[in-house]
Structure formats: C-alpha cells, structure tokens
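Enquirer: Take a look at model_37.cif, mmCIF, C-alpha atoms:
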```cif
data_input
loop_
_atom_site.label_atom_id
_atom_site.label_comp_id
_atom_site.auth_asym_id
_atom_site.auth_seq_id
_atom_site.Cartn_x
_atom_site.Cartn_y
_atom_site.Cartn_z
CA MET A 1 107.94 106.11 62.75
CA PRO A 2 108.33 109.03 65.20
CA THR A 3 108.45 108.13 68.87
CA PRO A 4 105.38 109.52 70.70
CA LEU A 5 106.01 111.99 73.48
CA PRO A 6 105.65 110.43 76.96
CA THR A 7 102.20 110.79 78.46
CA PHE A 8 103.47 112.91 81.36
CA LEU A 9 105.03 115.31 78.86
CA LEU A 10 101.84 115.74 76.84
CA PHE A 11 99.77 116.46 79.94
CA ALA A 12 102.37 118.89 81.30
CA LEU A 13 102.65 120.78 78.05
CA ALA A 14 98.88 120.97 77.62
CA SER A 15 98.56 122.46 81.13
CA LEU A 16 100.99 125.32 80.50
CA THR A 17 99.84 128.69 79.15
CA PRO A 18 102.34 130.23 76.74
CA LEU A 19 103.40 133.81 77.32
CA ALA A 20 101.90 134.54 73.92
CA ALA A 21 98.48 134.17 75.51
CA GLN A 22 99.50 136.47 78.34
CA THR A 23 100.50 139.20 75.88
CA LYS A 24 96.93 139.39 74.56
CA GLU A 25 97.55 137.95 71.13
CA PRO A 26 94.27 137.17 69.32
CA THR A 27 94.33 133.42 69.94
CA ASP A 28 96.43 130.83 71.69
CA PRO A 29 97.41 128.27 69.01
CA TRP A 30 98.77 125.65 71.41
CA PRO A 31 95.52 123.81 72.33
CA ALA A 32 94.65 123.21 68.69
CA PHE A 33 98.20 122.13 67.92
CA ALA A 34 98.21 119.69 70.85
CA LYS A 35 95.26 117.85 69.23
CA LEU A 36 97.21 117.09 66.06
CA PRO A 37 98.67 113.58 65.58
CA ILE A 38 102.01 113.06 67.34
CA ALA A 39 103.86 112.49 64.05
CA ARG A 40 102.59 115.79 62.71
CA GLN A 41 103.54 117.63 65.89
CA GLN A 42 107.09 116.36 65.67
CA ALA A 43 107.35 117.14 61.96
CA ALA A 44 106.05 120.65 62.67
CA ALA A 45 108.68 121.13 65.38
CA ALA A 46 111.45 120.04 63.02
CA GLU A 47 110.12 122.36 60.32
CA PHE A 48 109.94 125.26 62.77
CA LEU A 49 113.64 124.95 63.53
CA THR A 50 114.41 125.44 59.84
CA LEU A 51 112.41 128.69 59.84
CA LEU A 52 114.34 130.35 62.66
CA PRO A 53 116.39 133.38 61.63
CA SER A 54 119.83 133.94 63.09
CA LEU A 55 119.47 135.60 66.50
CA PRO A 56 122.74 136.18 68.43
CA HIS A 57 121.59 135.20 71.91
CA VAL A 58 119.27 132.42 70.75
CA ASP A 59 121.96 130.99 68.48
CA ALA A 60 124.40 130.83 71.40
CA LEU A 61 121.85 129.03 73.59
CA ARG A 62 120.97 126.54 70.87
CA ALA A 63 124.65 125.68 70.43
CA LEU A 64 124.97 125.06 74.15
CA ALA A 65 121.81 122.94 74.21
CA ALA A 66 123.45 120.41 71.93
CA GLU A 67 126.00 119.68 74.68
CA ALA A 68 123.38 118.45 77.15
CA ASP A 69 122.89 115.13 75.37
CA ALA A 70 126.57 114.21 75.76
CA PRO A 71 126.82 111.31 78.24
CA ALA A 72 128.70 111.81 81.50
CA LYS A 73 129.47 109.51 84.39
CA PRO A 74 128.65 110.76 87.92
CA ARG A 75 131.63 112.52 89.46
CA ALA A 76 130.80 111.58 93.05
CA LYS A 77 129.07 108.96 95.14
CA VAL A 78 128.78 108.98 98.92
CA GLY A 79 128.95 105.65 100.70
CA THR A 80 125.98 103.35 100.21
CA VAL A 81 123.35 106.09 100.18
CA GLN A 82 121.47 105.80 96.92
CA ARG A 83 120.03 108.94 95.36
CA PRO A 84 116.45 108.34 94.13
CA LYS A 85 116.24 108.24 90.36
CA ARG A 86 114.27 110.68 88.24
CA VAL A 87 113.21 112.91 91.11
CA LEU A 88 111.74 116.32 90.38
CA GLU A 89 114.01 119.23 91.28
CA TYR A 90 112.35 121.76 93.60
CA PRO A 91 108.94 120.01 93.46
CA ARG A 92 107.25 122.74 95.54
CA GLU A 93 108.35 125.66 93.38
CA PRO A 94 106.69 126.93 90.17
CA ASP A 95 109.05 126.53 87.23
CA PRO A 96 109.33 129.33 84.64
CA LEU A 97 110.66 126.85 82.08
CA PHE A 98 109.22 123.50 81.07
CA ARG A 99 112.12 121.10 81.48
CA ARG A 100 112.72 117.53 80.39
CA VAL A 101 116.10 117.35 82.11
CA ASP A 102 117.87 118.63 85.22
CA TYR A 103 121.56 119.21 85.82
CA VAL A 104 122.64 117.51 89.05
CA PHE A 105 125.18 119.61 90.93
CA GLY A 106 128.17 117.73 92.26
CA LEU A 107 127.48 114.70 90.09
CA GLY A 108 128.06 116.51 86.81
CA THR A 109 125.22 114.69 85.07
CA VAL A 110 122.16 115.75 83.09
CA GLU A 111 119.27 113.51 84.08
CA PRO A 112 115.67 113.00 82.97
CA ARG A 113 113.19 115.07 84.93
CA GLY A 114 110.06 113.60 86.47
CA THR A 115 108.70 110.08 86.28
CA ALA A 116 109.60 109.41 82.66
CA ALA A 117 112.21 110.53 80.19
CA ALA A 118 111.62 112.40 76.94
CA LYS A 119 113.89 110.90 74.33
CA PRO A 120 116.67 113.16 72.99
CA GLY A 121 116.07 114.92 69.72
CA THR A 122 113.46 117.14 68.16
CA ASP A 123 109.95 117.08 69.60
CA ALA A 124 107.08 119.44 70.31
CA VAL A 125 108.82 120.94 73.36
CA VAL A 126 110.94 123.19 71.15
CA LEU A 127 107.77 124.87 69.90
CA HIS A 128 106.47 125.39 73.40
CA HIS A 129 109.76 126.99 74.39
CA ALA A 130 109.51 129.39 71.45
CA LEU A 131 105.90 130.22 72.31
CA THR A 132 107.10 131.39 75.72
CA GLY A 133 109.87 133.50 74.21
CA LEU A 134 112.63 131.02 75.00
CA ALA A 135 115.26 129.52 72.74
CA PRO A 136 114.23 126.07 71.48
CA ASN A 137 115.64 123.43 73.82
CA ALA A 138 116.15 126.08 76.51
CA ASP A 139 116.00 123.37 79.18
CA LYS A 140 119.04 121.65 77.68
CA ALA A 141 120.86 124.95 77.27
CA LEU A 142 120.31 125.61 80.99
CA ALA A 143 121.70 122.17 81.88
CA ALA A 144 124.74 122.71 79.66
CA LEU A 145 125.44 126.11 81.20
CA LEU A 146 125.24 124.68 84.71
CA ARG A 147 127.56 121.80 83.83
CA ARG A 148 130.15 124.26 82.48
CA LEU A 149 129.85 126.37 85.65
CA ASP A 150 130.01 123.52 88.19
CA THR A 151 133.71 122.75 87.96
CA ASP A 152 134.89 122.92 91.58
CA THR A 153 135.05 119.28 92.60
CA ALA A 154 135.78 120.17 96.25
CA GLY A 155 132.03 120.26 96.83
CA ASP A 156 131.09 117.14 94.89
CA ASP A 157 130.87 114.67 97.75
CA PHE A 158 128.91 117.09 99.91
CA ALA A 159 126.52 117.94 97.07
CA ALA A 160 125.92 114.25 96.37
CA PHE A 161 125.34 113.70 100.09
CA LEU A 162 122.65 116.40 100.22
CA HIS A 163 120.98 115.05 97.08
CA ALA A 164 120.95 111.51 98.44
CA TRP A 165 119.28 112.40 101.74
CA ARG A 166 115.62 113.28 101.30
CA ASN A 167 113.18 115.53 103.12
CA GLY A 168 109.94 114.09 101.83
CA ASP A 169 109.65 114.91 98.13
CA GLU A 170 112.71 117.19 98.06
CA SER A 171 116.42 116.75 98.59
CA PHE A 172 117.99 118.07 101.77
CA TYR A 173 119.76 120.75 99.76
CA GLU A 174 116.42 121.94 98.42
CA ALA A 175 114.81 121.83 101.86
CA LEU A 176 117.63 123.84 103.43
CA ASP A 177 117.64 126.29 100.52
CA ARG A 178 113.87 126.75 100.74
CA THR A 179 113.98 127.56 104.46
CA ALA A 180 117.19 129.63 104.47
CA GLY A 181 116.61 133.05 106.03
CA SER A 182 113.14 132.11 107.27
CA LYS A 183 111.70 131.04 110.62
CA ASP A 184 111.19 127.53 109.28
CA SER A 185 113.75 124.92 110.12
CA VAL A 186 114.60 121.51 108.76
CA PHE A 187 115.13 118.64 111.18
CA PHE A 188 118.51 116.93 110.92
CA TYR A 189 118.24 113.22 111.56
CA ASP A 190 120.81 111.87 114.01
CA VAL A 191 121.65 109.12 111.52
CA MET A 192 122.20 111.76 108.85
CA LEU A 193 124.59 113.69 111.10
CA GLY A 194 126.39 110.47 111.89
CA ASP A 195 126.67 109.73 108.18
CA PHE A 196 128.04 113.25 107.63
CA ARG A 197 130.75 112.72 110.23
CA THR A 198 131.62 109.30 108.81
CA HIS A 199 132.14 110.58 105.29
CA PHE A 200 133.47 114.12 105.75
CA ALA A 201 134.85 114.69 109.25
CA LYS A 202 137.99 112.57 109.07
CA GLY A 203 141.65 113.01 109.94
CA GLU A 204 142.53 116.62 110.66
CA HIS A 205 138.90 117.60 109.99
CA LYS A 206 137.48 115.10 112.47
CA LEU A 207 134.47 116.28 114.52
CA ALA A 208 135.02 114.45 117.76
CA GLY A 209 132.40 116.35 119.75
CA SER A 210 128.65 116.08 120.00
CA LEU A 211 126.04 115.78 117.28
CA GLN A 212 125.50 119.52 117.75
CA GLN A 213 129.04 120.11 116.51
CA ALA A 214 128.29 117.97 113.47
CA HIS A 215 125.01 119.85 112.99
CA ASP A 216 126.82 123.22 113.01
CA ALA A 217 129.49 121.99 110.60
CA LEU A 218 126.88 120.59 108.21
CA HIS A 219 124.93 123.85 108.28
CA ASP A 220 128.06 125.94 107.66
CA ALA A 221 128.97 123.61 104.79
CA PHE A 222 125.50 124.10 103.33
CA LEU A 223 125.74 127.90 103.53
CA ALA A 224 129.09 127.88 101.73
CA TYR A 225 127.82 125.50 99.08
CA ARG A 226 124.60 127.49 98.66
CA GLN A 227 126.67 130.57 97.79
CA TYR A 228 128.62 128.50 95.26
CA ARG A 229 125.61 126.86 93.66
CA GLY A 230 123.16 129.79 93.90
CA PHE A 231 125.52 132.16 92.11
CA ARG A 232 125.97 129.71 89.25
CA GLU A 233 122.26 129.03 88.99
CA ALA A 234 121.59 132.77 88.83
CA VAL A 235 124.09 133.15 85.99
CA ALA A 236 122.62 130.29 83.96
CA TRP A 237 118.97 131.19 84.50
CA SER A 238 119.66 134.86 83.71
CA LEU A 239 121.15 133.86 80.38
CA VAL A 240 118.23 131.56 79.48
CA LEU A 241 115.18 133.59 80.57
CA PRO A 242 114.02 136.80 78.82
CA PRO A 243 114.42 139.90 81.03
CA ASP A 244 110.69 140.14 81.73
CA VAL A 245 110.44 136.60 83.13
CA PRO A 246 111.41 136.50 86.84
CA LEU A 247 114.04 134.07 88.07
CA PRO A 248 112.84 131.02 90.03
CA LEU A 249 111.70 131.93 93.55
CA ARG A 250 114.82 130.54 95.19
CA LEU A 251 116.99 132.86 93.07
CA ARG A 252 115.01 136.10 93.34
CA ARG A 253 117.64 137.52 95.70
CA TYR A 254 119.90 137.86 92.66
CA GLU A 255 117.41 140.31 91.16
CA ASP A 256 117.76 142.69 94.11
CA LYS A 257 119.35 145.95 92.99
CA PRO A 258 121.76 147.60 95.46
CA ALA A 259 121.56 151.38 95.71
CA GLY A 260 123.58 152.97 92.95
CA SER A 261 124.42 149.68 91.28
CA TYR A 262 122.92 146.85 89.26
CA SER A 263 121.51 143.51 90.30
CA LEU A 264 123.54 140.42 89.48
CA ARG A 265 120.96 139.52 86.84
CA GLN A 266 121.32 142.91 85.18
CA GLN A 267 125.10 142.63 85.30
CA ILE A 268 124.97 139.22 83.63
CA THR A 269 122.80 140.62 80.84
CA MET A 270 125.21 143.51 80.34
CA VAL A 271 128.35 141.36 80.33
CA ALA A 272 126.80 138.88 77.87
CA ALA A 273 125.97 141.76 75.51
CA ALA A 274 129.42 143.31 75.91
CA LEU A 275 130.95 139.95 74.94
CA ASP A 276 128.65 139.73 71.90
CA HIS A 277 126.82 136.76 73.40
CA ASP A 278 129.80 134.45 73.69
CA LEU A 279 127.94 132.62 76.43
CA ALA A 280 130.20 129.59 76.50
CA GLY A 281 133.24 131.81 76.89
CA LEU A 282 131.53 133.85 79.58
CA VAL A 283 130.60 130.93 81.82
CA ASP A 284 133.95 129.23 81.28
CA ALA A 285 135.68 132.43 82.44
CA ILE A 286 133.45 132.62 85.52
CA ALA A 287 134.29 129.04 86.42
CA LYS A 288 138.02 129.64 85.90
CA GLU A 289 138.17 132.88 87.90
CA ALA A 290 135.91 131.81 90.78
CA PRO A 291 137.46 131.34 94.24
CA PRO A 292 137.72 127.69 95.28
CA LEU A 293 135.52 126.11 97.90
CA SER A 294 137.37 125.58 101.18
CA ARG A 295 138.57 122.20 102.43
CA PRO A 296 136.76 121.18 104.52
CA ILE A 297 133.82 122.92 102.96
CA TRP A 298 132.52 124.16 106.34
CA ALA A 299 135.81 125.88 107.23
CA LYS A 300 134.86 129.32 105.89
CA ALA A 301 132.21 131.21 103.96
CA HIS A 302 132.30 131.25 100.17
CA ASP A 303 132.18 134.57 98.28
CA PRO A 304 131.96 134.34 94.47
CA TYR A 305 131.58 138.09 93.93
CA PRO A 306 135.14 139.60 93.98
CA PRO A 307 136.28 138.11 90.62
CA TRP A 308 132.87 138.73 89.09
CA ASN A 309 132.86 142.37 90.22
CA ALA A 310 136.32 142.80 88.71
CA ARG A 311 135.15 141.36 85.38
CA PHE A 312 132.08 143.61 85.33
CA ALA A 313 134.15 146.69 86.14
CA ALA A 314 136.68 145.87 83.41
CA LEU A 315 133.92 145.76 80.77
CA GLN A 316 132.22 149.00 81.76
CA PRO A 317 134.40 151.22 79.51
CA LYS A 318 133.33 149.11 76.52
CA MET A 319 129.67 149.49 77.55
CA ILE A 320 130.02 153.27 77.85
CA GLU A 321 131.83 153.47 74.51
CA ARG A 322 128.99 151.60 72.80
CA ALA A 323 125.99 153.28 74.42
CA GLY A 324 127.16 156.44 76.19
CA SER A 325 126.47 155.12 79.69
CA THR A 326 126.04 151.83 81.49
CA ASP A 327 122.35 152.59 82.04
CA ALA A 328 121.82 153.07 78.32
CA PHE A 329 123.81 149.92 77.60
CA LEU A 330 121.61 147.89 79.96
CA GLN A 331 118.47 149.26 78.35
CA ARG A 332 119.80 148.42 74.90
CA ALA A 333 120.81 144.90 75.95
CA GLU A 334 117.45 144.14 77.57
CA THR A 335 115.56 145.55 74.59
CA ALA A 336 117.49 143.28 72.24
CA LEU A 337 116.62 140.23 74.34
CA ARG A 338 112.97 141.25 74.55
CA ASP A 339 112.89 141.68 70.78
CA GLU A 340 114.34 138.20 70.26
CA ALA A 341 111.78 136.72 72.64
CA ALA A 342 108.93 138.56 70.90
CA GLY A 343 110.17 137.35 67.53
CA LEU A 344 110.22 133.75 68.73
CA ARG A 345 106.70 134.02 70.11
CA LYS A 346 105.39 135.58 66.92
CA LEU A 347 107.06 133.04 64.63
CA ALA A 348 105.93 130.07 66.72
CA SER A 349 102.37 131.37 67.02
CA ALA A 350 102.11 131.92 63.27
CA HIS A 351 103.55 128.48 62.54
CA LEU A 352 101.14 126.71 64.88
CA ALA A 353 98.16 128.73 63.70
CA THR A 354 98.92 127.67 60.13
CA LEU A 355 99.19 124.03 61.14
CA ALA A 356 96.00 124.10 63.18
CA GLY A 357 94.21 125.68 60.25
CA GLY A 358 95.10 122.71 58.11
CA LYS A 359 97.31 124.65 55.71
CA ALA A 360 100.46 122.61 56.38
CA HIS A 361 101.15 119.25 54.81
#
```
Using structure tokens, write down the structure that the file contains.
Expert:
Amino acid sequence: MPTPLPTFLLFALASLTPLAAQTKEPTDPWPAFAKLPIARQQAAAAEFLTLLPSLPHVDALRALAAEADAPAKPRAKVGTVQRPKRVLEYPREPDPLFRRVDYVFGLGTVEPRGTAAAKPGTDAVVLHHALTGLAPNADKALAALLRRLDTDTAGDDFAAFLHAWRNGDESFYEALDRTAGSKDSVFFYDVMLGDFRTHFAKGEHKLAGSLQQAHDALHDAFLAYRQYRGFREAVAWSLVLPPDVPLPLRLRRYEDKPAGSYSLRQQITMVAAALDHDLAGLVDAIAKEAPPLSRPIWAKAHDPYPPWNARFAALQPKMIERAGSTDAFLQRAETALRDEAAGLRKLASAHLATLAGGKAH
C-alpha cells in the first residue's frame, strides 16, 4: 500500500500556486487533484513520469536528482556543538521551489527539510514541480548539484560551526548572509567567539588578542566562505530554475548584469547550452578549476571568478559559430529552456485535468 505523504507536505503543496495558474491557463488543476485519494495521487505521479518526452535539460536534471538519495556521512563536526535536526533553510525567505530536502554545505549531506521527512521515491511532488515548469524532483537535482560543487573541505569545519550556532530560527551563516551589505547587524555572542578561537585559531593561526580580534577574523572568514558558497548556489539554482523565475533573494546579486557583459546567471545558461546540457560535467569542472579556500579561511578574500571567466571566454567562439553572436546564443538558450518549462506545465496540467475529471483509472 502506498505510503501517504506527510501532513506538512500536503498542506504545503496545497498552499502553493503553480505557475500554470499565473500564466492565465483556463483552470488550475491542482486543487481538484489534491482532493483525490493519496494512492491515486501517487499512481498518477508515477504515470506522469512515463509520459515525459526526452528534453535535454530536464533529462540531465532528472539524472542528477537520482544521486540525492545516496547516503553520505557528515564530513565535519565541530566540538560538542550539536546542529539542530531538520531545520528549515532560510526560514524567512520565500522559496521559488518546493523542497523536501536541503543540501548542507560543509557537511556534504542531503537532509530532510522541515519538521518531517518525505520518504524517497515517487510521490505527488514531481507533478507539482512540473506544474511550475521545473524538472520532476528538481529539489533533489538542486541538492545533487550542490553536493558536486561543494568539494573544498578547507571550509567544512567553519561551515559546520556556522550551521551549529543559531540566531533564532536561522543558522548564523543565514543570519550573516541576510544582513550582509545592509545596516543591520548580527550580535556575536562572547561564548560563540570563544568557541571560534578554541576550534579554529590554534598554533600559527592563534588569535591571542581580544574578542574583537576574534570577531574580525570570524567576519572575514564568513565573507570568504560566502563568496565560495554563494557562487556555487548561484550555479546550481540557475541550472534548476527556468529563466523567467528569479533566483532566491539572497542570490539576486548574481542576476546583476555588468555593462557590456552578461550576468553570472546568463553565463551559466549559455555555458550549459554550449556543453549540450552536460550539467554533471559542467559542475564537476567548476569544482575542479575553482581556487581553493585559504588556510586559515579568514586569511584572504576568496574570488571564484577568474577560472569561471576563462571557461566562459573559451566557449564564446562555439557560441558565435552556432548562433552568429553571443547575444543570439543567449536568446536561443533561454528560449529552449522556456519551451521545456512550458511543455512540462502543459503536460502536467493536462494530466491532472484528466484525472480530476474522472477519466483515469
């Protein structure tokens, strides 16, 4: 007998409005579908996956999604500080993707999201993803991409440290990231700074001065790690979301377009298309070519752009050969992704409308 979806998942899915409704399609089939028996919902989701045509970008994401269920032991643990279990990542930020799992930077694990865990396998979430123009199991594809990108273990202990310390309902990394570049500030507990010095400022890296010195070192470490993590998040999210869906608020800076150039998000779209959507190969190359984090992590700023810029420049002749110009290539690449997203929405809407109308058995 199929396992029912957790209650939190049903309520969350019912509260979301698919992009299909936002594009003024005649009706939104999701509410009627959500009223069907759980067993029928899950059977419908499994049937839907058999109806999907081959779509280059979607196929690549679906292949990556299968990796997210592979078990992994945490790579790092800091002292006796225990990271709360099943916390919600960025609880104060709207999420453009309904997710059952989160990738935990520094630990290398994919963990259940929220207060309960959706069991692995096929369930109604894959249909909701398709209704919003996303590859089925897009949340797991995102986690798999992030795990492939997060390969520099020099930041593991520091990342685990920031995840373990909490600022209310968010981790300290999330609190610092949310307030970066603003007038807001996050209070550093003296005991937290002491813990930082105990675990990281040892030997030749020892911070023998005041707590202010430890504060400055922790903040510099955060800024370096934010560059490392933010760049990788921007890559993964750009590959998962259709071009018309904005990145999460914390990553919008990667959509900024410099004069006479392209935003990082646009570049990622172009490179993925130039590589014929070999997404696994793309992110593995990024991880391999990226500059290492410094030791100690607060010693210097981290800049992930030089190797990426070189890769983008090397692929531009191929883009021009295929489309006549890089601008035309970008337009073609984004159009292809929009078409795939529209196809997913249309197929999912038709499938759910048929089920809700009682025509499926």
Enquirer: Evaluate the PyMOL selection byres ((chain A and resi 333-346) around 8) and record the selected residues as an MDAnalysis selection string, following the chain and residue labels used in the document.
Expert: chainID A and resid 19:20 55 57:58 130:135 242:244 269:270 273 329:332 347:350
Enquirer: Pick out the residues sitting within 9 Å of Ile286 of chain A, and hand them over as a PyMOL selection string; count all atoms listed in the file, and ignore anything fewer than 6 positions along from it in its own chain.
Expert: chain A and resi 149+232+307-308+311
Enquirer: Please produce an output containing C-alpha atoms for each residue in the selection, written as a JSON list (two decimals), keeping the file's coordinate frame.
Expert:
```
[["chain", "number", "residue", "atom", "x", "y", "z"],
["A", 149, "LEU", "CA", 129.85, 126.37, 85.65],
["A", 232, "ARG", "CA", 125.97, 129.71, 89.25],
["A", 307, "PRO", "CA", 136.28, 138.11, 90.62],
["A", 308, "TRP", "CA", 132.87, 138.73, 89.09],
["A", 311, "ARG", "CA", 135.15, 141.36, 85.38]]
```
Enquirer: Starting from the shown file, work through the PyMOL selection byres ((chain A and resi 136) around 10) and note down what comes out as a ChimeraX atom specification.
Expert: /A:45,48-49,52,58-59,61-62,65,122,124-135,137-141,344
Enquirer: Could you turn the residues from that selection into a file that holds C-alpha atoms, as a PDB file, in the frame of the given file?
Expert:
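Final file, again27.pdb:
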```
ATOM      1  CA  ALA A  45     108.680 121.130  65.380  1.00  0.00           C
ATOM      2  CA  PHE A  48     109.940 125.260  62.770  1.00  0.00           C
ATOM      3  CA  LEU A  49     113.640 124.950  63.530  1.00  0.00           C
ATOM      4  CA  LEU A  52     114.340 130.350  62.660  1.00  0.00           C
ATOM      5  CA  VAL A  58     119.270 132.420  70.750  1.00  0.00           C
ATOM      6  CA  ASP A  59     121.960 130.990  68.480  1.00  0.00           C
ATOM      7  CA  LEU A  61     121.850 129.030  73.590  1.00  0.00           C
ATOM      8  CA  ARG A  62     120.970 126.540  70.870  1.00  0.00           C
ATOM      9  CA  ALA A  65     121.810 122.940  74.210  1.00  0.00           C
ATOM     10  CA  THR A 122     113.460 117.140  68.160  1.00  0.00           C
ATOM     11  CA  ALA A 124     107.080 119.440  70.310  1.00  0.00           C
ATOM     12  CA  VAL A 125     108.820 120.940  73.360  1.00  0.00           C
ATOM     13  CA  VAL A 126     110.940 123.190  71.150  1.00  0.00           C
ATOM     14  CA  LEU A 127     107.770 124.870  69.900  1.00  0.00           C
ATOM     15  CA  HIS A 128     106.470 125.390  73.400  1.00  0.00           C
ATOM     16  CA  HIS A 129     109.760 126.990  74.390  1.00  0.00           C
ATOM     17  CA  ALA A 130     109.510 129.390  71.450  1.00  0.00           C
ATOM     18  CA  LEU A 131     105.900 130.220  72.310  1.00  0.00           C
ATOM     19  CA  THR A 132     107.100 131.390  75.720  1.00  0.00           C
ATOM     20  CA  GLY A 133     109.870 133.500  74.210  1.00  0.00           C
ATOM     21  CA  LEU A 134     112.630 131.020  75.000  1.00  0.00           C
ATOM     22  CA  ALA A 135     115.260 129.520  72.740  1.00  0.00           C
ATOM     23  CA  ASN A 137     115.640 123.430  73.820  1.00  0.00           C
ATOM     24  CA  ALA A 138     116.150 126.080  76.510  1.00  0.00           C
ATOM     25  CA  ASP A 139     116.000 123.370  79.180  1.00  0.00           C
ATOM     26  CA  LYS A 140     119.040 121.650  77.680  1.00  0.00           C
ATOM     27  CA  ALA A 141     120.860 124.950  77.270  1.00  0.00           C
ATOM     28  CA  LEU A 344     110.220 133.750  68.730  1.00  0.00           C
TER      29      LEU A 344
END
```
Enquirer: Work out how far atom CA of Trp298 of chain A is from atom CA of Asp195 of chain A, in Å to one decimal.
Expert: 15.7 Å
Enquirer: Using the chain letters and numbers from the file, give me the residues hit by the PyMOL selection byres ((chain A and resi 98) around 8), as a list in words.
Expert: Leu13, Asp95, Pro96, Leu97, Arg99, Arg100, His129 and Asp139 of chain A
Enquirer: Only C-alpha atoms, please: the residues just picked out, written as an mmCIF file, in the coordinates of the input.
Expert:
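That gives us selection_37.cif:
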```cif
data_model
loop_
_atom_site.group_PDB
_atom_site.id
_atom_site.type_symbol
_atom_site.label_atom_id
_atom_site.label_comp_id
_atom_site.auth_asym_id
_atom_site.auth_seq_id
_atom_site.Cartn_x
_atom_site.Cartn_y
_atom_site.Cartn_z
ATOM 1 C CA LEU A 13 102.650 120.780 78.050
ATOM 2 C CA ASP A 95 109.050 126.530 87.230
ATOM 3 C CA PRO A 96 109.330 129.330 84.640
ATOM 4 C CA LEU A 97 110.660 126.850 82.080
ATOM 5 C CA ARG A 99 112.120 121.100 81.480
ATOM 6 C CA ARG A 100 112.720 117.530 80.390
ATOM 7 C CA HIS A 129 109.760 126.990 74.390
ATOM 8 C CA ASP A 139 116.000 123.370 79.180
#
```
Enquirer: Restricting the calculation to all atoms listed in the file: of A:Ala201, A:Arg253, A:Ser325, A:His277, which residue gets closest to Val240 of chain A?
Expert: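 Of the candidates, the smallest distance to Val240 of chain A is held by A:His277.
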Enquirer: Between A:Ala144, A:Ala159, A:Ala180, A:Leu249, which has the minimum distance to Ala70 of chain A (counting all atoms listed in the file)?
Expert: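 So, comparing all the options, the nearest one is A:Ala144.
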Enquirer: Between atom CA of Leu352 of chain A and atom CA of Leu64 of chain A, measure the distance and give it in Å to one decimal.
Expert: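 Those two atoms sit 25.6 Å apart.
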Enquirer: Hey, which of A:Gly155, A:Pro248, A:Gly281, A:Gly260 ends up closest to Tyr228 of chain A? Count only C-alpha atoms.
Expert: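 Checking each candidate against Tyr228 of chain A, we get A:Gly155 as the closest.
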Enquirer: The centre and edge lengths of an axis-aligned box containing all atoms of segment 196-213 of chain A present in the file, extended by 4 Å on each side, are to be given in Å to one decimal, as JSON.
Expert:
```
{"center_x": 134.0, "center_y": 114.7, "center_z": 112.6, "size_x": 25.0, "size_y": 18.8, "size_z": 22.7}
```
Enquirer: Can you work out the spacing between atom CA of His199 of chain A and atom CA of Leu218 of chain A in Å, to one decimal?
Expert: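 According to the coordinates, atom CA of His199 of chain A and atom CA of Leu218 of chain A are separated by 11.7 Å.
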Enquirer: From the set A:Ala234, A:Gln41, A:Pro246, A:Asp152, which residue has the shortest atom-to-atom contact distance to Glu289 of chain A, counting only C-alpha atoms?
Expert: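 Residue with the minimum atom-to-atom distance to Glu289 of chain A: A:Asp152.
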Enquirer: What's around Asp216 of chain A at 12 Å? Count all atoms listed in the file, leave out sequence neighbours fewer than 6 positions away in its own chain, and write the answer as a list in words.
Expert: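 With the cut-off at 12 Å, the set is Phe188, Leu193, Phe196, Arg197, Leu207, Gly209, Ser210, Phe222, Leu223, Trp298 and Ala299 of chain A.
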Enquirer: Tell me which of A:Asp157, A:Asp150, A:Asp303, A:Glu321 sits closest to Ala236 of chain A, counting only C-alpha atoms.
Expert: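 Of all the options, A:Asp150 lies closest to Ala236 of chain A.
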Enquirer: I'd like to know which of A:Leu36, A:Ala314, A:Ala221, A:Ile320 is closest to Lys300 of chain A, using only C-alpha atoms.
Expert: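 Using only C-alpha atoms, the shortest distance to Lys300 of chain A belongs to A:Ala221.
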Enquirer: Just want the 12 Å neighbourhood of Phe158 of chain A, counted on all atoms listed in the file, with same-chain residues fewer than 4 positions away dropped. Output as a ChimeraX atom specification.
Expert: /A:75-79,105-107,152-154,162-165,172-173,195-197,199-201,217-226,293,295-298
